Amino acid sequence: MHLPFHLANHLDSALRAAAGRLGFGDRGFEPEVRVADPAHGDFQANGALAFAKREKQNPRAVAQQIVDQLDAETAATFDCSLAGPGFINFRLKPAALLAWLAQHDSEAHLREAAAGARRGQHWVVDYSSPNTAKQMHVGHLRSAVIGEALCRLLAFNGAHVIRDNHLGDWGTQFGKLIYGYKRWADPAALERDAIEELERLYKLGHNATPEGSPELDEARAELVKLQNGDPENVALWKKFSEVSLAAFQQIYDRLGIRFDHNLGESFYNDKVDRVYRELTETGLAEDSAGALVVFHDEHPRFSRHAERPNPFMVRKADGASGYASTDLATALYRTEHFQADGIVIVTDFRQSDHFEQLFLTVGKWFAAKNYRRPELHHVTFGAVTGEDGKALKTRDGGTIKLKALLDEAEVRAYAIVTAKNAERPEAERFTDAECRDIARAVGIGAVQYADLSQNRSSNYVFSWDKMLALDGNTAPYLLYAVARVRSIFRKAGLDPAQPPTAGATPPETPQELALARKLVQFADAVRAATQQLRPHFLCLYLFELAGAYSAFYAADKVIVDDPAVRARRLLLCHRTLIVLESGLHLLGLRTLERM
RNA sequence: GUCCCCGUAGCUCAGCUGGAUAGAGCAGCGGUUUUCUAAACCGCUGGUCGCGUGUUCGAGUCACGCCGGGGACGCCA
């Protein structure tokens with residue numbers, strides 16, 4: 001028996017074929033296959049209801065006819081039954097569960113099996129995108145963590161992913177920074193912590209150049225020199241970018257992030273003229289109060305007739321480019337240079353209007369010029385708040401630096417790990433180095449997972465105690481489940497890469513069956529998370545899988561004498577291990593051997 | 001004023017293109033270890049899905065209108 005990776009997909013095809021034999025296909029029958037409540041089955045098809053209603057037929061009779069037409073292989077794989085007004089329920093037979101598990105036997109094979117979904121597609125993911133010469137703070141966390149998970153999900157589905165860090169590396173602030181740098185730079189401080197020193201210099205520069213002062217004119221002159229290619233200022237600006245990227249990479253290393261490109265706003269300086277030209281010649285852009293703007297009259301928000309018109313500002317009245325023009329140039333570059341089939345931009349919800357206007361404009365512009373149009377997605381997320389519901393701040397009301405946040409995560413995890421370690425029998429205790437390593441994975445993983453496990457569109461309440469809890473939907477709980485699986489192999493002297501599963505019989509006990517069913521649904525979880533660009537679907541699945549494993553672990557002893565039982569339980573343990581690890585890796589977490 | 005997001009158990013949240021009796025975790029109460037990590041497992045308690053009207057065989061989910069919280073709205077990104 002050969003079973004495909006994505007069983008819901010397979011059922012969809014089988015049902016379409018069956019309906020086709022009845023002539024229902026031409027009349028718009030849609031199977032509507034989804035994962036079912038375990039009480040009803042593994043999958044359910046609801047399509048007979050809508051179809052029967054349209055055709056004025058009895059839905060149960062329609063469902064029965066379709067079931068009768070199913071091919072022999074599908075009928076041999078699933079127990080099919082009708083329920084309620086015309087639901088078709090499918091429950092995998094134990095032998096089919098075993099067959100699926102036997103085939104999907106490593107992280108590499110899971111990856112290979114999933115890669116069919118988006119093979120050959122190019123996806124550009126724009127995330128993190130901090131401003132150079134500034135520290136990354138809590139506000140940068142979600143974009144980085146969610147963006148990286150989306151990259152990994154898309155790649156797992158077979159896409160070629162281009163990770164692009166769209167740095168804020170251009171703008172008027174550099175005039176003030178250069179002004180401050182030239183007067184007050186402290187070489188020792190730059191050596192020690194470059195970004196902190198640049199922030200200090202910017203503040204000095206900013207405070208020394210009040211509105212209307214001659215100092216402000218000097219700062220503006222520095223900016224003009226930079227824009228005109230003055231070697232000294234360009235060298236300074238490049239230095240700012242370099243030290244910033246080096247500092248960012250220290251954060252990215254801890255979060256498992258590595259960009260393919262850092263094409264910041266400055267990269268598009270020489271590419272905006274084409275945007276002005278093409279938007280003007282296609283008649284999309286027009287002059288308004290000296291600025292070049294685009295209206296979208298069909299849209300109440302962006303129409304020129306709106307009470308408070310909100311045009312898309314392509315070029316400012318002073319002739320300078322704004323973020324609208326660089327974002328337009330960026331969309332074009334990604335389409336032409338990276339051959340993007342899809343572009344995902346991960347920023348917070350406050351920029352929704354901007355990206356809606358951007359996408360509307362790109363759509364019309366590309367259509368007018370006959371350019372290929374990639375899928376455009378603005379992946380938004382809510383704010384990170386403290387437990388009082390307000391923006392997360394330090395005790396004295398300051399901004400929390402991302403570095404400090406990650407440090408604290410590790411410190412808190414270390415305290416828990418060492419406390420647990422002291423309770424352990426002496427022979428099983430970890431060394432201090434091991435405790436620190438575990439604390440790193442658990443602490444950072446907890447921060448990542450807390451962010452990913454929640455639907456990204458709502459605000460997210462930051463709570464150390466909740467994310468570091470050992471029970472509930474948390475990173476420690478999942479990492480613990482992984483460690484418990486590995487522990488079985490270690491105690492039994494077995495190599496988890498080569499599990500002795502020959503002779504495994506189909507799952508039998510309720511806990512074995514529940515676990516096997518959950519494992520098979522990995523494909524659905526990955527698909528839902530990727531299609532909707534929402535990693536929390538995968539998190540929820542992994543939590544349920546870990547729960548099914550824990551129940552199995554408590555109920556059914558693995559290392560038993562009966563060779564068939566032992567082999568099938570080792571098979572379940574091993575497949576749980578590879579699915580949990582694959583899933584956690586997709587989320588950007590590092591998994592552990594022991595904890 | 002226009003538009004966007006959110007409102008589900010005491011708390012934090014799931015609920016996939018409308019589908020079966022609305023689910024978890026925490027907190028609370030009770031149980032489980034001579035057995036592979038008890039950082040675990042099992043059970044119980046807990047709901048007018050913000051309010052109302054409508055569409056539908058069927059609404060937490062869709063439409064419209066309110067209420068409450070957050071946000072955006074011409075040269076910042």
# chains A, B, ... in the order shown; residues from 1 in each chain; ligands from 1
call {"tool": "interface_residues", "arguments": {"of": "chain A", "to": "chain B", "cutoff": "6 Å", "atoms": "only C-alpha atoms (C1' of nucleotides)", "output": "PDB file with all heavy atoms, in the first residue's frame"}}
result
ATOM      1  N   ARG A 301     -11.313  54.819   0.699  1.00  0.00           N
ATOM      2  CA  ARG A 301     -10.235  55.355   1.526  1.00  0.00           C
ATOM      3  C   ARG A 301      -9.242  56.172   0.724  1.00  0.00           C
ATOM      4  O   ARG A 301      -8.689  57.143   1.215  1.00  0.00           O
ATOM      5  CB  ARG A 301      -9.460  54.188   2.174  1.00  0.00           C
ATOM      6  CG  ARG A 301     -10.066  53.644   3.399  1.00  0.00           C
ATOM      7  CD  ARG A 301     -10.009  54.633   4.551  1.00  0.00           C
ATOM      8  NE  ARG A 301      -8.670  54.771   5.123  1.00  0.00           N
ATOM      9  CZ  ARG A 301      -8.048  55.928   5.264  1.00  0.00           C
ATOM     10  NH1 ARG A 301      -8.594  57.031   4.837  1.00  0.00           N
ATOM     11  NH2 ARG A 301      -6.875  55.974   5.818  1.00  0.00           N
ATOM     12  N   LYS A 316       7.732  63.501  -3.177  1.00  0.00           N
ATOM     13  CA  LYS A 316       7.366  64.617  -2.320  1.00  0.00           C
ATOM     14  C   LYS A 316       7.475  65.930  -3.103  1.00  0.00           C
ATOM     15  O   LYS A 316       8.148  66.003  -4.132  1.00  0.00           O
ATOM     16  CB  LYS A 316       8.269  64.654  -1.093  1.00  0.00           C
ATOM     17  CG  LYS A 316       8.162  63.390  -0.252  1.00  0.00           C
ATOM     18  CD  LYS A 316       8.861  63.498   1.072  1.00  0.00           C
ATOM     19  CE  LYS A 316      10.353  63.246   0.955  1.00  0.00           C
ATOM     20  NZ  LYS A 316      10.996  63.179   2.285  1.00  0.00           N
ATOM     21  N   LEU A 470       6.354  24.909  31.913  1.00  0.00           N
ATOM     22  CA  LEU A 470       6.678  23.600  31.381  1.00  0.00           C
ATOM     23  C   LEU A 470       5.439  22.860  30.932  1.00  0.00           C
ATOM     24  O   LEU A 470       5.507  21.763  30.419  1.00  0.00           O
ATOM     25  CB  LEU A 470       7.413  22.787  32.444  1.00  0.00           C
ATOM     26  CG  LEU A 470       8.741  23.359  32.935  1.00  0.00           C
ATOM     27  CD1 LEU A 470       9.554  23.870  31.758  1.00  0.00           C
ATOM     28  CD2 LEU A 470       8.574  24.505  33.922  1.00  0.00           C
ATOM     29  N   GLY A 472       1.333  23.412  29.122  1.00  0.00           N
ATOM     30  CA  GLY A 472       0.643  24.340  28.239  1.00  0.00           C
ATOM     31  C   GLY A 472       1.370  24.407  26.900  1.00  0.00           C
ATOM     32  O   GLY A 472       2.349  23.708  26.673  1.00  0.00           O
ATOM     33  N   ARG A 484      12.129  13.459  25.808  1.00  0.00           N
ATOM     34  CA  ARG A 484      11.638  12.187  26.337  1.00  0.00           C
ATOM     35  C   ARG A 484      11.698  11.086  25.284  1.00  0.00           C
ATOM     36  O   ARG A 484      11.965   9.923  25.601  1.00  0.00           O
ATOM     37  CB  ARG A 484      10.203  12.344  26.858  1.00  0.00           C
ATOM     38  CG  ARG A 484      10.157  13.174  28.133  1.00  0.00           C
ATOM     39  CD  ARG A 484       9.184  12.614  29.131  1.00  0.00           C
ATOM     40  NE  ARG A 484       7.804  12.799  28.741  1.00  0.00           N
ATOM     41  CZ  ARG A 484       6.780  12.485  29.530  1.00  0.00           C
ATOM     42  NH1 ARG A 484       6.986  11.984  30.732  1.00  0.00           N
ATOM     43  NH2 ARG A 484       5.549  12.676  29.107  1.00  0.00           N
ATOM     44  N   ILE A 488      14.302   7.510  25.484  1.00  0.00           N
ATOM     45  CA  ILE A 488      13.975   6.085  25.318  1.00  0.00           C
ATOM     46  C   ILE A 488      15.040   5.387  24.478  1.00  0.00           C
ATOM     47  O   ILE A 488      15.538   4.320  24.836  1.00  0.00           O
ATOM     48  CB  ILE A 488      12.581   5.928  24.663  1.00  0.00           C
ATOM     49  CG1 ILE A 488      11.510   6.319  25.670  1.00  0.00           C
ATOM     50  CG2 ILE A 488      12.381   4.507  24.167  1.00  0.00           C
ATOM     51  CD1 ILE A 488      10.096   6.220  25.139  1.00  0.00           C
ATOM     52  N   ALA A 554       2.615   7.706  28.725  1.00  0.00           N
ATOM     53  CA  ALA A 554       2.152   7.344  30.064  1.00  0.00           C
ATOM     54  C   ALA A 554       1.418   6.008  30.046  1.00  0.00           C
ATOM     55  O   ALA A 554       1.443   5.267  31.026  1.00  0.00           O
ATOM     56  CB  ALA A 554       1.240   8.442  30.606  1.00  0.00           C
TER      57      ALA A 554
END
call {"tool": "closest_residue", "arguments": {"among": "A:Lys390, A:Arg429, A:His574, A:Lys420", "to": "B:G69", "atoms": "only C-alpha atoms (C1' of nucleotides)"}}
result
A:Lys390
call {"tool": "atom_distance", "arguments": {"atom1": "atom CA of A:Pro476", "atom2": "atom CA of A:Gly445"}}
result
7.9 Å
call {"tool": "select_by_dssp", "arguments": {"residues": "stretch 221-413 of chain A", "states": "strand (DSSP E)", "output": "ChimeraX atom specification"}}
result
/A:285-288,291-294,312-315,342-346,375-379,384-385
call {"tool": "write_last_selection", "arguments": {"atoms": "N, CA and C atoms", "output": "mmCIF file, in the first residue's frame"}}
result
data_model
loop_
_atom_site.group_PDB
_atom_site.id
_atom_site.type_symbol
_atom_site.label_atom_id
_atom_site.label_comp_id
_atom_site.auth_asym_id
_atom_site.auth_seq_id
_atom_site.Cartn_x
_atom_site.Cartn_y
_atom_site.Cartn_z
ATOM 1 N N ALA A 285 -0.104 58.264 -12.058
ATOM 2 C CA ALA A 285 0.287 59.291 -11.085
ATOM 3 C C ALA A 285 -0.042 60.673 -11.626
ATOM 4 N N GLU A 286 -0.264 61.590 -10.728
ATOM 5 C CA GLU A 286 -0.604 62.949 -11.127
ATOM 6 C C GLU A 286 0.012 63.936 -10.144
ATOM 7 N N ASP A 287 0.029 65.205 -10.546
ATOM 8 C CA ASP A 287 0.565 66.229 -9.668
ATOM 9 C C ASP A 287 -0.518 66.668 -8.686
ATOM 10 N N SER A 288 -0.140 66.792 -7.411
ATOM 11 C CA SER A 288 -1.072 67.300 -6.418
ATOM 12 C C SER A 288 -0.272 68.120 -5.426
ATOM 13 N N ALA A 291 3.385 67.580 -5.407
ATOM 14 C CA ALA A 291 3.883 66.212 -5.219
ATOM 15 C C ALA A 291 3.309 65.309 -6.304
ATOM 16 N N LEU A 292 3.996 64.180 -6.530
ATOM 17 C CA LEU A 292 3.496 63.190 -7.485
ATOM 18 C C LEU A 292 2.758 62.120 -6.667
ATOM 19 N N VAL A 293 1.469 61.976 -6.942
ATOM 20 C CA VAL A 293 0.654 61.084 -6.110
ATOM 21 C C VAL A 293 -0.206 60.166 -6.972
ATOM 22 N N VAL A 294 -0.665 59.071 -6.347
ATOM 23 C CA VAL A 294 -1.599 58.157 -7.004
ATOM 24 C C VAL A 294 -2.865 58.075 -6.143
ATOM 25 N N PHE A 312 -1.365 58.200 -2.357
ATOM 26 C CA PHE A 312 -0.113 57.471 -2.247
ATOM 27 C C PHE A 312 0.976 58.414 -2.758
ATOM 28 N N MET A 313 1.844 58.868 -1.852
ATOM 29 C CA MET A 313 2.823 59.912 -2.174
ATOM 30 C C MET A 313 4.051 59.318 -2.837
ATOM 31 N N VAL A 314 4.094 59.404 -4.142
ATOM 32 C CA VAL A 314 5.204 58.779 -4.864
ATOM 33 C C VAL A 314 6.449 59.655 -4.821
ATOM 34 N N ARG A 315 6.238 60.965 -5.003
ATOM 35 C CA ARG A 315 7.380 61.875 -4.897
ATOM 36 C C ARG A 315 6.932 63.101 -4.133
ATOM 37 N N GLY A 342 5.975 35.296 -5.628
ATOM 38 C CA GLY A 342 5.285 35.821 -4.456
ATOM 39 C C GLY A 342 6.213 36.713 -3.658
ATOM 40 N N ILE A 343 5.647 37.763 -3.082
ATOM 41 C CA ILE A 343 6.409 38.657 -2.207
ATOM 42 C C ILE A 343 5.646 38.760 -0.895
ATOM 43 N N VAL A 344 6.345 38.493 0.193
ATOM 44 C CA VAL A 344 5.733 38.563 1.515
ATOM 45 C C VAL A 344 6.445 39.655 2.296
ATOM 46 N N ILE A 345 5.698 40.605 2.804
ATOM 47 C CA ILE A 345 6.294 41.683 3.585
ATOM 48 C C ILE A 345 5.735 41.605 5.001
ATOM 49 N N VAL A 346 6.621 41.483 5.965
ATOM 50 C CA VAL A 346 6.210 41.246 7.352
ATOM 51 C C VAL A 346 6.443 42.512 8.176
ATOM 52 N N GLU A 375 2.197 37.358 -6.599
ATOM 53 C CA GLU A 375 1.286 37.463 -5.458
ATOM 54 C C GLU A 375 1.921 38.402 -4.442
ATOM 55 N N LEU A 376 1.139 39.317 -3.910
ATOM 56 C CA LEU A 376 1.670 40.245 -2.925
ATOM 57 C C LEU A 376 0.952 40.026 -1.599
ATOM 58 N N HIS A 377 1.706 39.820 -0.550
ATOM 59 C CA HIS A 377 1.101 39.596 0.762
ATOM 60 C C HIS A 377 1.702 40.530 1.795
ATOM 61 N N HIS A 378 0.866 41.270 2.474
ATOM 62 C CA HIS A 378 1.326 42.014 3.639
ATOM 63 C C HIS A 378 0.963 41.190 4.860
ATOM 64 N N VAL A 379 1.961 40.626 5.496
ATOM 65 C CA VAL A 379 1.734 39.833 6.697
ATOM 66 C C VAL A 379 1.826 40.775 7.891
ATOM 67 N N VAL A 384 3.202 43.967 20.672
ATOM 68 C CA VAL A 384 3.609 43.218 21.850
ATOM 69 C C VAL A 384 3.329 44.110 23.053
ATOM 70 N N THR A 385 2.519 43.627 23.978
ATOM 71 C CA THR A 385 2.181 44.460 25.130
ATOM 72 C C THR A 385 2.608 43.780 26.426
#
call {"tool": "select_by_dssp", "arguments": {"residues": "stretch 170-260 of chain A", "states": "helix (DSSP H, G or I)", "output": "PyMOL selection string"}}
result
chain A and resi 173-184+187-192+194-207+214-227+231-255
call {"tool": "atom_distance", "arguments": {"atom1": "atom CA of A:Ala419", "atom2": "atom CA of A:Ala475"}}
result
18.2 Å
call {"tool": "residues_around", "arguments": {"residues": "A:Val243", "least_positions_apart": "5", "cutoff": "12 Å", "atoms": "only C-alpha atoms (C1' of nucleotides)", "output": "PyMOL selection string"}}
result
chain A and resi 132-135+190-198+236-238+248-250
call {"tool": "write_last_selection", "arguments": {"atoms": "N, CA and C atoms", "output": "JSON list (two decimals), in the first residue's frame"}}
result
[["chain", "number", "residue", "atom", "x", "y", "z"],
["A", 132, "THR", "N", 19.26, 51.21, 10.32],
["A", 132, "THR", "CA", 20.68, 51.16, 10.69],
["A", 132, "THR", "C", 20.98, 52.29, 11.67],
["A", 133, "ALA", "N", 22.07, 52.13, 12.38],
["A", 133, "ALA", "CA", 22.52, 53.09, 13.38],
["A", 133, "ALA", "C", 21.59, 53.16, 14.59],
["A", 134, "LYS", "N", 20.73, 52.14, 14.72],
["A", 134, "LYS", "CA", 19.85, 52.08, 15.89],
["A", 134, "LYS", "C", 19.82, 50.66, 16.41],
["A", 135, "GLN", "N", 19.62, 50.53, 17.70],
["A", 135, "GLN", "CA", 19.47, 49.21, 18.31],
["A", 135, "GLN", "C", 18.18, 48.56, 17.86],
["A", 190, "LEU", "N", 33.01, 53.58, 20.22],
["A", 190, "LEU", "CA", 32.66, 52.94, 18.94],
["A", 190, "LEU", "C", 33.19, 51.52, 18.89],
["A", 191, "GLU", "N", 34.37, 51.36, 19.45],
["A", 191, "GLU", "CA", 35.00, 50.05, 19.49],
["A", 191, "GLU", "C", 34.18, 49.10, 20.36],
["A", 192, "ARG", "N", 33.73, 49.62, 21.49],
["A", 192, "ARG", "CA", 33.04, 48.82, 22.50],
["A", 192, "ARG", "C", 31.65, 48.41, 22.03],
["A", 193, "ASP", "N", 30.84, 49.39, 21.71],
["A", 193, "ASP", "CA", 29.47, 49.11, 21.29],
["A", 193, "ASP", "C", 29.06, 50.19, 20.29],
["A", 194, "ALA", "N", 29.31, 49.87, 19.02],
["A", 194, "ALA", "CA", 29.17, 50.89, 17.97],
["A", 194, "ALA", "C", 27.77, 51.48, 17.92],
["A", 195, "ILE", "N", 26.76, 50.61, 18.00],
["A", 195, "ILE", "CA", 25.40, 51.13, 17.83],
["A", 195, "ILE", "C", 25.01, 52.06, 18.97],
["A", 196, "GLU", "N", 25.42, 51.67, 20.16],
["A", 196, "GLU", "CA", 25.09, 52.53, 21.30],
["A", 196, "GLU", "C", 25.70, 53.92, 21.10],
["A", 197, "GLU", "N", 26.93, 53.94, 20.61],
["A", 197, "GLU", "CA", 27.62, 55.21, 20.37],
["A", 197, "GLU", "C", 26.93, 55.99, 19.25],
["A", 198, "LEU", "N", 26.51, 55.30, 18.20],
["A", 198, "LEU", "CA", 25.83, 56.00, 17.10],
["A", 198, "LEU", "C", 24.50, 56.59, 17.59],
["A", 236, "LEU", "N", 31.54, 57.38, 5.81],
["A", 236, "LEU", "CA", 30.92, 57.32, 7.14],
["A", 236, "LEU", "C", 29.63, 56.53, 7.11],
["A", 237, "TRP", "N", 28.81, 56.86, 6.14],
["A", 237, "TRP", "CA", 27.50, 56.20, 6.01],
["A", 237, "TRP", "C", 27.68, 54.69, 5.82],
["A", 238, "LYS", "N", 28.67, 54.32, 5.02],
["A", 238, "LYS", "CA", 28.94, 52.89, 4.81],
["A", 238, "LYS", "C", 29.37, 52.23, 6.10],
["A", 248, "PHE", "N", 23.38, 43.57, 14.22],
["A", 248, "PHE", "CA", 22.12, 42.86, 13.96],
["A", 248, "PHE", "C", 22.39, 41.36, 13.85],
["A", 249, "GLN", "N", 23.50, 41.01, 13.23],
["A", 249, "GLN", "CA", 23.77, 39.59, 13.01],
["A", 249, "GLN", "C", 23.93, 38.85, 14.33],
["A", 250, "GLN", "N", 24.42, 39.54, 15.35],
["A", 250, "GLN", "CA", 24.54, 38.88, 16.65],
["A", 250, "GLN", "C", 23.16, 38.46, 17.17]]
call {"tool": "closest_residue", "arguments": {"among": "A:Ala383, A:Ala441, A:Val67, A:Val362", "to": "A:Thr347", "atoms": "only C-alpha atoms"}}
result
A:Ala383
call {"tool": "closest_residue", "arguments": {"among": "A:Val62, A:Gly322, A:Asn207, A:Arg258", "to": "A:Gly168", "atoms": "only C-alpha atoms"}}
result
A:Gly322
call {"tool": "atom_distance", "arguments": {"atom1": "atom CA of A:Trp100", "atom2": "atom CA of A:Thr474"}}
result
28.2 Å
call {"tool": "residues_around", "arguments": {"residues": "B:U8", "least_positions_apart": "5", "cutoff": "10 Å", "atoms": "only C-alpha atoms (C1' of nucleotides)", "output": "JSON, numbers by chain"}}
result
{"B": [13, 14, 15, 22, 47, 49, 50, 60]}
call {"tool": "write_last_selection", "arguments": {"atoms": "C-alpha atoms (C1' of nucleotides)", "output": "compact mmCIF listing (two decimals), in the first residue's frame"}}
result
# COMPACT_ATOMS: atom_id res chain seq x y z
C1' C B 13 -5.89 32.13 23.62
C1' A B 14 -7.59 28.17 19.33
C1' G B 15 -11.80 27.61 16.24
C1' A B 22 -18.03 25.88 20.87
C1' G B 47 -19.63 29.78 28.17
C1' C B 49 -19.15 33.34 21.49
C1' G B 50 -19.64 42.27 23.08
C1' G B 60 -18.51 32.14 16.86
call {"tool": "residues_around", "arguments": {"residues": "A:Asp297", "least_positions_apart": "3", "cutoff": "12 Å", "atoms": "only C-alpha atoms (C1' of nucleotides)", "output": "short mmCIF file (atom, residue, chain, number, x, y, z; two decimals) with C-alpha atoms, in the first residue's frame"}}
result
data_model
loop_
_atom_site.label_atom_id
_atom_site.label_comp_id
_atom_site.auth_asym_id
_atom_site.auth_seq_id
_atom_site.Cartn_x
_atom_site.Cartn_y
_atom_site.Cartn_z
CA LEU A 284 -1.54 56.51 -12.88
CA VAL A 294 -1.60 58.16 -7.00
CA PRO A 300 -13.39 54.98 -0.53
CA ARG A 301 -10.24 55.35 1.53
CA PHE A 302 -7.86 56.29 -1.27
CA SER A 303 -10.14 58.25 -3.55
CA ARG A 304 -9.42 61.87 -4.40
CA HIS A 305 -13.02 62.53 -3.35
CA ALA A 306 -12.53 61.30 0.19
CA PRO A 309 -7.84 62.45 0.85
CA ASN A 310 -5.02 60.04 1.49
CA PRO A 311 -3.03 59.81 -1.74
CA PHE A 312 -0.11 57.47 -2.25
CA GLN A 357 -2.08 51.41 -1.54
CA LEU A 360 -3.22 48.58 -5.62
CA THR A 361 -0.67 50.77 -7.36
#
call {"tool": "residues_around", "arguments": {"residues": "A:Ala61", "least_positions_apart": "2", "cutoff": "10 Å", "atoms": "only C-alpha atoms (C1' of nucleotides)", "output": "PDB file with N, CA, C and O atoms, in the first residue's frame"}}
result
ATOM      1  N   ALA A  48     -21.114  17.145  -0.241  1.00  0.00           N
ATOM      2  CA  ALA A  48     -22.392  16.597  -0.700  1.00  0.00           C
ATOM      3  C   ALA A  48     -23.560  17.488  -0.283  1.00  0.00           C
ATOM      4  O   ALA A  48     -24.564  17.596  -0.992  1.00  0.00           O
ATOM      5  N   ALA A  52     -26.096  18.813  -3.055  1.00  0.00           N
ATOM      6  CA  ALA A  52     -27.470  18.280  -3.037  1.00  0.00           C
ATOM      7  C   ALA A  52     -28.485  19.416  -2.927  1.00  0.00           C
ATOM      8  O   ALA A  52     -29.552  19.381  -3.543  1.00  0.00           O
ATOM      9  N   GLN A  57     -31.579  17.608  -4.336  1.00  0.00           N
ATOM     10  CA  GLN A  57     -31.588  16.164  -4.104  1.00  0.00           C
ATOM     11  C   GLN A  57     -31.408  15.905  -2.616  1.00  0.00           C
ATOM     12  O   GLN A  57     -31.045  16.793  -1.858  1.00  0.00           O
ATOM     13  N   ASN A  58     -31.611  14.639  -2.223  1.00  0.00           N
ATOM     14  CA  ASN A  58     -31.392  14.250  -0.843  1.00  0.00           C
ATOM     15  C   ASN A  58     -29.887  14.158  -0.584  1.00  0.00           C
ATOM     16  O   ASN A  58     -29.199  13.377  -1.233  1.00  0.00           O
ATOM     17  N   PRO A  59     -29.361  14.947   0.353  1.00  0.00           N
ATOM     18  CA  PRO A  59     -27.904  14.964   0.546  1.00  0.00           C
ATOM     19  C   PRO A  59     -27.310  13.626   0.969  1.00  0.00           C
ATOM     20  O   PRO A  59     -26.216  13.282   0.546  1.00  0.00           O
ATOM     21  N   ALA A  63     -24.402  11.628  -1.018  1.00  0.00           N
ATOM     22  CA  ALA A  63     -23.178  11.190  -0.345  1.00  0.00           C
ATOM     23  C   ALA A  63     -22.990   9.692  -0.538  1.00  0.00           C
ATOM     24  O   ALA A  63     -21.880   9.226  -0.813  1.00  0.00           O
ATOM     25  N   GLN A  64     -24.069   8.941  -0.417  1.00  0.00           N
ATOM     26  CA  GLN A  64     -23.979   7.482  -0.563  1.00  0.00           C
ATOM     27  C   GLN A  64     -23.530   7.095  -1.970  1.00  0.00           C
ATOM     28  O   GLN A  64     -22.682   6.227  -2.148  1.00  0.00           O
ATOM     29  N   GLN A  65     -24.088   7.773  -2.966  1.00  0.00           N
ATOM     30  CA  GLN A  65     -23.691   7.477  -4.347  1.00  0.00           C
ATOM     31  C   GLN A  65     -22.207   7.723  -4.552  1.00  0.00           C
ATOM     32  O   GLN A  65     -21.513   6.953  -5.219  1.00  0.00           O
ATOM     33  N   ILE A  66     -21.699   8.821  -3.976  1.00  0.00           N
ATOM     34  CA  ILE A  66     -20.285   9.148  -4.136  1.00  0.00           C
ATOM     35  C   ILE A  66     -19.424   8.088  -3.454  1.00  0.00           C
ATOM     36  O   ILE A  66     -18.439   7.607  -4.027  1.00  0.00           O
ATOM     37  N   VAL A  67     -19.808   7.727  -2.248  1.00  0.00           N
ATOM     38  CA  VAL A  67     -19.039   6.713  -1.524  1.00  0.00           C
ATOM     39  C   VAL A  67     -19.000   5.408  -2.321  1.00  0.00           C
ATOM     40  O   VAL A  67     -17.959   4.757  -2.418  1.00  0.00           O
ATOM     41  N   LEU A  82     -21.394   7.520   6.473  1.00  0.00           N
ATOM     42  CA  LEU A  82     -22.203   8.729   6.347  1.00  0.00           C
ATOM     43  C   LEU A  82     -22.686   9.115   7.734  1.00  0.00           C
ATOM     44  O   LEU A  82     -22.914   8.258   8.580  1.00  0.00           O
ATOM     45  N   PRO A  85     -26.609  15.037   8.266  1.00  0.00           N
ATOM     46  CA  PRO A  85     -27.364  15.372   7.072  1.00  0.00           C
ATOM     47  C   PRO A  85     -26.687  14.941   5.773  1.00  0.00           C
ATOM     48  O   PRO A  85     -27.287  15.037   4.718  1.00  0.00           O
ATOM     49  N   GLY A  86     -25.422  14.473   5.840  1.00  0.00           N
ATOM     50  CA  GLY A  86     -24.750  14.059   4.612  1.00  0.00           C
ATOM     51  C   GLY A  86     -23.246  14.265   4.642  1.00  0.00           C
ATOM     52  O   GLY A  86     -22.610  14.414   3.603  1.00  0.00           O
TER      53      GLY A  86
END
call {"tool": "decode", "arguments": {"residues": "stretch 20-25 of chain B", "atoms": "N, CA, C and O atoms (P, O5', C5', C4', C3', O3' and C1' of nucleotides)", "output": "compact mmCIF listing (two decimals), in the first residue's frame"}}
result
# COMPACT_ATOMS: atom_id res chain seq x y z
P A B 20 -19.52 21.82 13.47
O5' A B 20 -20.65 20.99 14.22
C5' A B 20 -22.04 21.24 13.99
C4' A B 20 -22.79 19.94 14.15
C3' A B 20 -22.47 19.23 15.46
O3' A B 20 -23.67 18.67 15.98
C1' A B 20 -21.98 17.82 13.62
P U B 21 -24.70 19.54 16.81
O5' U B 21 -24.00 19.96 18.17
C5' U B 21 -24.77 20.63 19.16
C4' U B 21 -24.17 20.37 20.52
C3' U B 21 -22.76 20.96 20.69
O3' U B 21 -22.75 21.82 21.82
C1' U B 21 -22.84 18.63 21.30
P A B 22 -21.87 23.18 21.74
O5' A B 22 -20.35 22.75 21.55
C5' A B 22 -19.73 22.76 20.28
C4' A B 22 -18.54 23.70 20.26
C3' A B 22 -17.63 23.63 21.48
O3' A B 22 -16.68 22.60 21.31
C1' A B 22 -18.03 25.88 20.87
P G B 23 -16.87 21.25 22.05
O5' G B 23 -15.39 20.66 22.18
C5' G B 23 -14.56 21.11 23.18
C4' G B 23 -13.24 21.53 22.57
C3' G B 23 -12.14 21.64 23.61
O3' G B 23 -11.54 20.36 23.79
C1' G B 23 -12.16 23.57 22.23
P A B 24 -11.09 19.94 25.27
O5' A B 24 -9.55 20.29 25.26
C5' A B 24 -9.14 21.50 25.79
C4' A B 24 -7.79 21.86 25.26
C3' A B 24 -6.87 22.34 26.38
O3' A B 24 -6.10 21.27 26.87
C1' A B 24 -7.10 24.04 24.75
P G B 25 -5.95 21.07 28.45
O5' G B 25 -4.95 22.25 28.82
C5' G B 25 -3.63 22.25 28.30
C4' G B 25 -3.00 23.60 28.53
C3' G B 25 -3.08 24.12 29.95
O3' G B 25 -2.08 23.56 30.77
C1' G B 25 -3.74 25.83 28.48
